[in-house]
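Shown next: run-v7.cif, containing mmCIF, C-alpha atoms (C1' of nucleotides).
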```
data_work
#
loop_
_atom_site.group_PDB
_atom_site.id
_atom_site.type_symbol
_atom_site.label_atom_id
_atom_site.label_comp_id
_atom_site.auth_asym_id
_atom_site.auth_seq_id
_atom_site.Cartn_x
_atom_site.Cartn_y
_atom_site.Cartn_z
ATOM 1 C CA MET A 29 -158.665 38.171 50.599
ATOM 2 C CA LYS A 30 -155.427 36.905 51.925
ATOM 3 C CA THR A 31 -153.739 38.728 54.784
ATOM 4 C CA PRO A 32 -150.586 40.539 53.625
ATOM 5 C CA SER A 33 -147.359 39.119 55.026
ATOM 6 C CA THR A 34 -145.145 41.219 57.259
ATOM 7 C CA PHE A 35 -142.797 41.806 54.370
ATOM 8 C CA GLN A 36 -145.595 43.020 52.143
ATOM 9 C CA LYS A 37 -146.792 45.436 54.803
ATOM 10 C CA LYS A 38 -143.319 46.962 54.912
ATOM 11 C CA VAL A 39 -143.336 47.367 51.151
ATOM 12 C CA TYR A 40 -146.787 48.949 51.047
ATOM 13 C CA ASP A 41 -145.892 51.229 53.933
ATOM 14 C CA ALA A 42 -142.722 52.464 52.241
ATOM 15 C CA CYS A 43 -144.603 52.873 48.975
ATOM 16 C CA ARG A 44 -147.194 55.023 50.709
ATOM 17 C CA HIS A 45 -144.465 57.520 51.625
ATOM 18 C CA ILE A 46 -143.741 58.322 47.979
ATOM 19 C CA PRO A 47 -144.976 61.890 47.313
ATOM 20 C CA CYS A 48 -147.098 62.864 44.306
ATOM 21 C CA GLY A 49 -145.141 63.374 41.111
ATOM 22 C CA LYS A 50 -142.164 61.489 42.500
ATOM 23 C CA VAL A 51 -141.049 58.075 41.332
ATOM 24 C CA VAL A 52 -138.792 55.498 42.944
ATOM 25 C CA THR A 53 -137.138 52.355 41.651
ATOM 26 C CA TYR A 54 -137.871 48.905 43.032
ATOM 27 C CA GLY A 55 -134.261 48.784 44.170
ATOM 28 C CA GLN A 56 -134.486 52.015 46.117
ATOM 29 C CA LEU A 57 -137.663 50.857 47.783
ATOM 30 C CA ALA A 58 -135.914 47.612 48.646
ATOM 31 C CA ARG A 59 -133.103 49.560 50.324
ATOM 32 C CA GLU A 60 -135.679 51.480 52.335
ATOM 33 C CA ILE A 61 -137.054 48.343 53.900
ATOM 34 C CA ASN A 62 -133.586 46.857 54.162
ATOM 35 C CA CYS A 63 -134.175 44.125 51.614
ATOM 36 C CA GLY A 64 -131.511 42.900 49.205
ATOM 37 C CA SER A 65 -133.863 41.977 46.424
ATOM 38 C CA ALA A 66 -135.779 44.367 44.193
ATOM 39 C CA ARG A 67 -137.538 41.318 42.814
ATOM 40 C CA ALA A 68 -139.054 40.522 46.166
ATOM 41 C CA VAL A 69 -140.425 44.064 46.298
ATOM 42 C CA GLY A 70 -141.905 43.680 42.839
ATOM 43 C CA GLN A 71 -143.566 40.477 43.861
ATOM 44 C CA ALA A 72 -145.148 42.193 46.847
ATOM 45 C CA LEU A 73 -146.446 45.087 44.752
ATOM 46 C CA ARG A 74 -147.661 42.642 42.163
ATOM 47 C CA VAL A 75 -150.272 41.346 44.566
ATOM 48 C CA ASN A 76 -150.923 44.731 46.162
ATOM 49 C CA PRO A 77 -154.595 44.675 47.234
ATOM 50 C CA PHE A 78 -154.504 48.399 48.058
ATOM 51 C CA ALA A 79 -153.692 49.799 44.603
ATOM 52 C CA PRO A 80 -153.856 52.618 43.728
ATOM 53 C CA GLU A 81 -154.560 53.651 47.287
ATOM 54 C CA VAL A 82 -150.989 52.622 47.842
ATOM 55 C CA PRO A 83 -149.221 54.448 44.958
ATOM 56 C CA CYS A 84 -147.415 51.432 43.561
ATOM 57 C CA HIS A 85 -147.618 53.093 40.133
ATOM 58 C CA ARG A 86 -144.852 55.433 41.276
ATOM 59 C CA VAL A 87 -142.452 52.534 41.442
ATOM 60 C CA ILE A 88 -140.406 51.947 38.287
ATOM 61 C CA LYS A 89 -137.344 50.025 37.133
ATOM 62 C CA SER A 90 -133.804 51.294 37.614
ATOM 63 C CA ASP A 91 -133.425 51.755 33.839
ATOM 64 C CA ARG A 92 -136.323 54.227 34.052
ATOM 65 C CA SER A 93 -138.782 52.018 32.129
ATOM 66 C CA LEU A 94 -142.167 51.589 33.803
ATOM 67 C CA GLY A 95 -141.762 48.038 34.986
ATOM 68 C CA GLY A 96 -145.208 46.476 35.409
ATOM 69 C CA PHE A 97 -148.676 47.122 36.762
ATOM 70 C CA TYR A 98 -151.313 44.718 38.056
ATOM 71 C CA GLY A 99 -149.141 41.813 37.035
ATOM 72 C CA HIS A 100 -148.622 43.008 33.469
ATOM 73 C CA LYS A 101 -145.312 44.047 31.926
ATOM 74 C CA SER A 102 -147.053 45.589 28.925
ATOM 75 C CA GLY A 103 -150.531 46.274 27.554
ATOM 76 C CA PRO A 104 -153.443 48.469 28.695
ATOM 77 C CA GLU A 105 -152.517 48.118 32.360
ATOM 78 C CA ILE A 106 -149.128 49.667 31.735
ATOM 79 C CA ASP A 107 -150.722 52.348 29.606
ATOM 80 C CA ARG A 108 -152.892 53.279 32.559
ATOM 81 C CA LYS A 109 -149.858 53.404 34.812
ATOM 82 C CA ARG A 110 -148.159 55.807 32.437
ATOM 83 C CA ARG A 111 -151.116 58.125 32.346
ATOM 84 C CA LEU A 112 -151.421 58.133 36.121
ATOM 85 C CA LEU A 113 -147.845 59.335 36.346
ATOM 86 C CA GLU A 114 -148.279 61.931 33.620
ATOM 87 C CA LYS A 115 -151.271 63.254 35.514
ATOM 88 C CA GLU A 116 -148.940 63.704 38.478
ATOM 89 C CA GLY A 117 -146.515 65.674 36.366
ATOM 90 C CA VAL A 118 -144.045 62.963 35.410
ATOM 91 C CA ALA A 119 -142.601 63.333 31.894
ATOM 92 C CA PHE A 120 -141.651 60.562 29.483
ATOM 93 C CA ASP A 121 -139.463 60.374 26.390
ATOM 94 C CA THR A 122 -140.430 58.689 23.120
ATOM 95 C CA ALA A 123 -139.053 55.371 24.356
ATOM 96 C CA GLY A 124 -141.574 55.402 27.178
ATOM 97 C CA LYS A 125 -138.877 56.007 29.754
ATOM 98 C CA VAL A 126 -139.300 58.384 32.681
ATOM 99 C CA LEU A 127 -137.664 61.644 31.671
ATOM 100 C CA LYS A 128 -138.152 63.586 34.886
ATOM 101 C CA GLU A 129 -140.270 63.784 38.009
ATOM 102 C CA SER A 130 -142.755 66.615 38.491
ATOM 103 C CA GLY A 131 -140.298 69.239 37.295
ATOM 104 C CA TRP A 132 -139.248 70.407 40.723
ATOM 105 C CA GLU A 133 -135.919 71.413 42.105
ATOM 106 C CA PHE A 134 -134.680 67.885 42.507
ATOM 107 C CA SER A 135 -134.986 67.306 38.785
ATOM 108 C CA LEU A 136 -131.969 69.596 38.566
ATOM 109 C CA ALA A 137 -130.097 67.755 41.282
ATOM 110 C CA LYS A 138 -130.627 64.532 39.377
ATOM 111 C CA GLY A 139 -128.202 65.732 36.739
ATOM 112 C CA LYS A 140 -129.241 64.112 33.451
ATOM 113 C "C1'" DA B 26 -139.124 21.164 53.198
ATOM 114 C "C1'" DC B 27 -138.192 21.501 47.978
ATOM 115 C "C1'" DC B 28 -138.829 23.655 43.538
ATOM 116 C "C1'" DG B 29 -140.329 26.891 40.112
ATOM 117 C "C1'" DT B 30 -141.782 31.635 39.210
ATOM 118 C "C1'" DG B 31 -141.470 36.646 38.980
ATOM 119 C "C1'" DA B 32 -144.059 44.458 38.576
ATOM 120 C "C1'" DC B 33 -135.749 43.523 39.335
ATOM 121 C "C1'" DG B 34 -130.632 44.821 39.059
ATOM 122 C "C1'" DG B 35 -125.851 44.707 37.756
ATOM 123 C "C1'" DC B 36 -122.286 43.241 34.688
ATOM 124 C "C1'" DG B 37 -120.001 41.311 30.798
ATOM 125 C "C1'" DA B 38 -120.286 40.420 25.672
ATOM 126 C "C1'" DT C 28 -126.044 51.068 23.584
ATOM 127 C "C1'" DT C 29 -128.766 46.781 23.565
ATOM 128 C "C1'" DC C 30 -129.068 41.746 24.905
ATOM 129 C "C1'" DG C 31 -128.423 37.916 27.784
ATOM 130 C "C1'" DC C 32 -127.053 35.558 31.951
ATOM 131 C "C1'" DC C 33 -126.884 35.096 36.724
ATOM 132 C "C1'" DG C 34 -127.819 36.456 41.479
ATOM 133 C "C1'" DC C 35 -131.195 38.071 44.648
ATOM 134 C "C1'" DC C 36 -135.696 37.180 47.970
ATOM 135 C "C1'" DA C 37 -140.374 36.105 49.018
ATOM 136 C "C1'" DC C 38 -144.407 33.105 47.909
ATOM 137 C "C1'" DG C 39 -147.433 29.445 46.281
ATOM 138 C "C1'" DG C 40 -148.074 24.738 44.906
#
```
Take the structure in the file and give it back as structure tokens.
Amino acid sequence: MKTPSTFQKKVYDACRHIPCGKVVTYGQLAREINCGSARAVGQALRVNPFAPEVPCHRVIKSDRSLGGFYGHKSGPEIDRKRRLLEKEGVAFDTAGKVLKESGWEFSLAKGK
DNA sequence: ACCGTGACGGCGA
DNA sequence: TTCGCCGCCACGG
């Protein structure tokens, strides 16, 4: 397997810090590692050799849709991603969007 | 070194 | 509110 680039290591490291039942957007993750492109982050996660050891399934799009998983933007892979999150307590609406995270105190702070 | 691609994001129509 | 276009960065061929 190919050695992860420095950039990818930063992405995986930041991703690892995401607690159970919590989700983050690609953009937020990008800010964490001081990167101006959410796309670049997505590309790194796309080839993540440590999934799901590195919880890349907790990373979603800013519009609250799931984004992708294992290089797929839809299909069984995405379905699996959704269930992983549900198992961690993340709720979804009928449109398949993330409704709330774990149902903890910060779900209140999120407004919405 | 150049070019095309992609798990994204924001804004205008 | 949904759709499309353009800008953003990193990577592989």
Under the rule of at most 9 Å, produce a per-residue listing of chain B near chain A: chain, number, name, the closest pair of atoms, and the distance in Å, as a tab-separated table, using only C-alpha atoms (C1' of nucleotides).
```
residue	atom	partner	partner_atom	distance
B:DG31	C1'	A:Gln71	CA	6.5
B:DA32	C1'	A:Gly96	CA	3.9
B:DC33	C1'	A:Arg67	CA	4.5
B:DG34	C1'	A:Ala66	CA	7.3
```
Please produce an output containing C-alpha atoms (C1' of nucleotides) for each residue in the selection, written as a short mmCIF file (atom, residue, chain, number, x, y, z; two decimals), in the frame of the given file.
```cif
data_model
loop_
_atom_site.label_atom_id
_atom_site.label_comp_id
_atom_site.auth_asym_id
_atom_site.auth_seq_id
_atom_site.Cartn_x
_atom_site.Cartn_y
_atom_site.Cartn_z
"C1'" DG B 31 -141.47 36.65 38.98
"C1'" DA B 32 -144.06 44.46 38.58
"C1'" DC B 33 -135.75 43.52 39.34
"C1'" DG B 34 -130.63 44.82 39.06
#
```
Proximity check chain C to chain A, 12 Å, nearest pairs one decimal Å, all atoms listed in the file, as a Markdown table:
```
| residue | atom | partner | partner_atom | distance |
| --- | --- | --- | --- | --- |
| C:DG34 | C1' | A:Ser65 | CA | 9.6 |
| C:DC35 | C1' | A:Ser65 | CA | 5.1 |
| C:DC36 | C1' | A:Ala68 | CA | 5.1 |
| C:DA37 | C1' | A:Ala68 | CA | 5.4 |
| C:DC38 | C1' | A:Gln71 | CA | 8.5 |
| C:DG39 | C1' | A:Gln71 | CA | 11.9 |
```
Practice problem: Work out how far apart atom CA of A:Glu81 and atom CA of A:Lys125 are and give it in Å to one decimal. | Solution: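 Distance reported for this atom pair: 23.6 Å.
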Taking N, CA, C and O atoms as the atom set, what does stretch 101-123 of chain A look like once completed, written as a compact mmCIF listing (two decimals), in the coordinates of the input?
```
# COMPACT_ATOMS: atom_id res chain seq x y z
N LYS A 101 -146.54 43.34 32.25
CA LYS A 101 -145.31 44.05 31.93
C LYS A 101 -145.53 44.93 30.70
O LYS A 101 -144.68 45.69 30.30
N SER A 102 -146.72 44.78 30.09
CA SER A 102 -147.05 45.59 28.92
C SER A 102 -148.56 45.48 28.71
O SER A 102 -149.22 44.68 29.36
N GLY A 103 -149.09 46.31 27.80
CA GLY A 103 -150.53 46.27 27.55
C GLY A 103 -151.27 47.43 28.19
O GLY A 103 -150.65 48.36 28.69
N PRO A 104 -152.59 47.40 28.18
CA PRO A 104 -153.44 48.47 28.70
C PRO A 104 -153.17 48.84 30.15
O PRO A 104 -153.28 49.99 30.53
N GLU A 105 -152.81 47.84 30.95
CA GLU A 105 -152.52 48.12 32.36
C GLU A 105 -151.36 49.09 32.48
O GLU A 105 -151.39 50.04 33.24
N ILE A 106 -150.31 48.82 31.72
CA ILE A 106 -149.13 49.67 31.74
C ILE A 106 -149.46 51.05 31.21
O ILE A 106 -148.98 52.05 31.70
N ASP A 107 -150.31 51.09 30.20
CA ASP A 107 -150.72 52.35 29.61
C ASP A 107 -151.38 53.22 30.67
O ASP A 107 -151.13 54.41 30.78
N ARG A 108 -152.20 52.57 31.49
CA ARG A 108 -152.89 53.28 32.56
C ARG A 108 -151.88 53.82 33.57
O ARG A 108 -151.98 54.93 34.04
N LYS A 109 -150.90 53.00 33.87
CA LYS A 109 -149.86 53.40 34.81
C LYS A 109 -149.16 54.66 34.31
O LYS A 109 -148.92 55.60 35.05
N ARG A 110 -148.85 54.67 33.03
CA ARG A 110 -148.16 55.81 32.44
C ARG A 110 -148.98 57.08 32.57
O ARG A 110 -148.49 58.12 32.96
N ARG A 111 -150.27 56.94 32.26
CA ARG A 111 -151.12 58.12 32.35
C ARG A 111 -151.27 58.64 33.77
O ARG A 111 -151.35 59.83 34.02
N LEU A 112 -151.32 57.73 34.71
CA LEU A 112 -151.42 58.13 36.12
C LEU A 112 -150.24 59.01 36.48
O LEU A 112 -150.38 60.05 37.12
N LEU A 113 -149.06 58.58 36.04
CA LEU A 113 -147.84 59.34 36.35
C LEU A 113 -147.84 60.67 35.63
O LEU A 113 -147.47 61.69 36.21
N GLU A 114 -148.27 60.67 34.38
CA GLU A 114 -148.28 61.93 33.62
C GLU A 114 -149.20 62.93 34.31
O GLU A 114 -148.92 64.11 34.38
N LYS A 115 -150.30 62.41 34.82
CA LYS A 115 -151.27 63.25 35.51
C LYS A 115 -150.65 63.87 36.76
O LYS A 115 -151.06 64.91 37.24
N GLU A 116 -149.62 63.20 37.28
CA GLU A 116 -148.94 63.70 38.48
C GLU A 116 -147.75 64.57 38.11
O GLU A 116 -146.98 64.98 38.96
N GLY A 117 -147.59 64.79 36.81
CA GLY A 117 -146.51 65.67 36.37
C GLY A 117 -145.23 65.00 35.96
O GLY A 117 -144.21 65.63 35.76
N VAL A 118 -145.25 63.68 35.80
CA VAL A 118 -144.04 62.96 35.41
C VAL A 118 -143.95 62.95 33.88
O VAL A 118 -144.94 62.65 33.20
N ALA A 119 -142.79 63.27 33.35
CA ALA A 119 -142.60 63.33 31.89
C ALA A 119 -141.91 62.09 31.35
O ALA A 119 -141.11 61.46 32.04
N PHE A 120 -142.25 61.74 30.12
CA PHE A 120 -141.65 60.56 29.48
C PHE A 120 -141.01 60.92 28.15
O PHE A 120 -141.41 61.88 27.51
N ASP A 121 -140.06 60.13 27.69
CA ASP A 121 -139.46 60.37 26.39
C ASP A 121 -140.16 59.45 25.39
O ASP A 121 -141.06 58.69 25.76
N THR A 122 -139.76 59.49 24.15
CA THR A 122 -140.43 58.69 23.12
C THR A 122 -140.30 57.19 23.34
O THR A 122 -141.10 56.41 22.87
N ALA A 123 -139.27 56.79 24.09
CA ALA A 123 -139.05 55.37 24.36
C ALA A 123 -139.92 54.88 25.51
O ALA A 123 -139.86 53.73 25.90
```
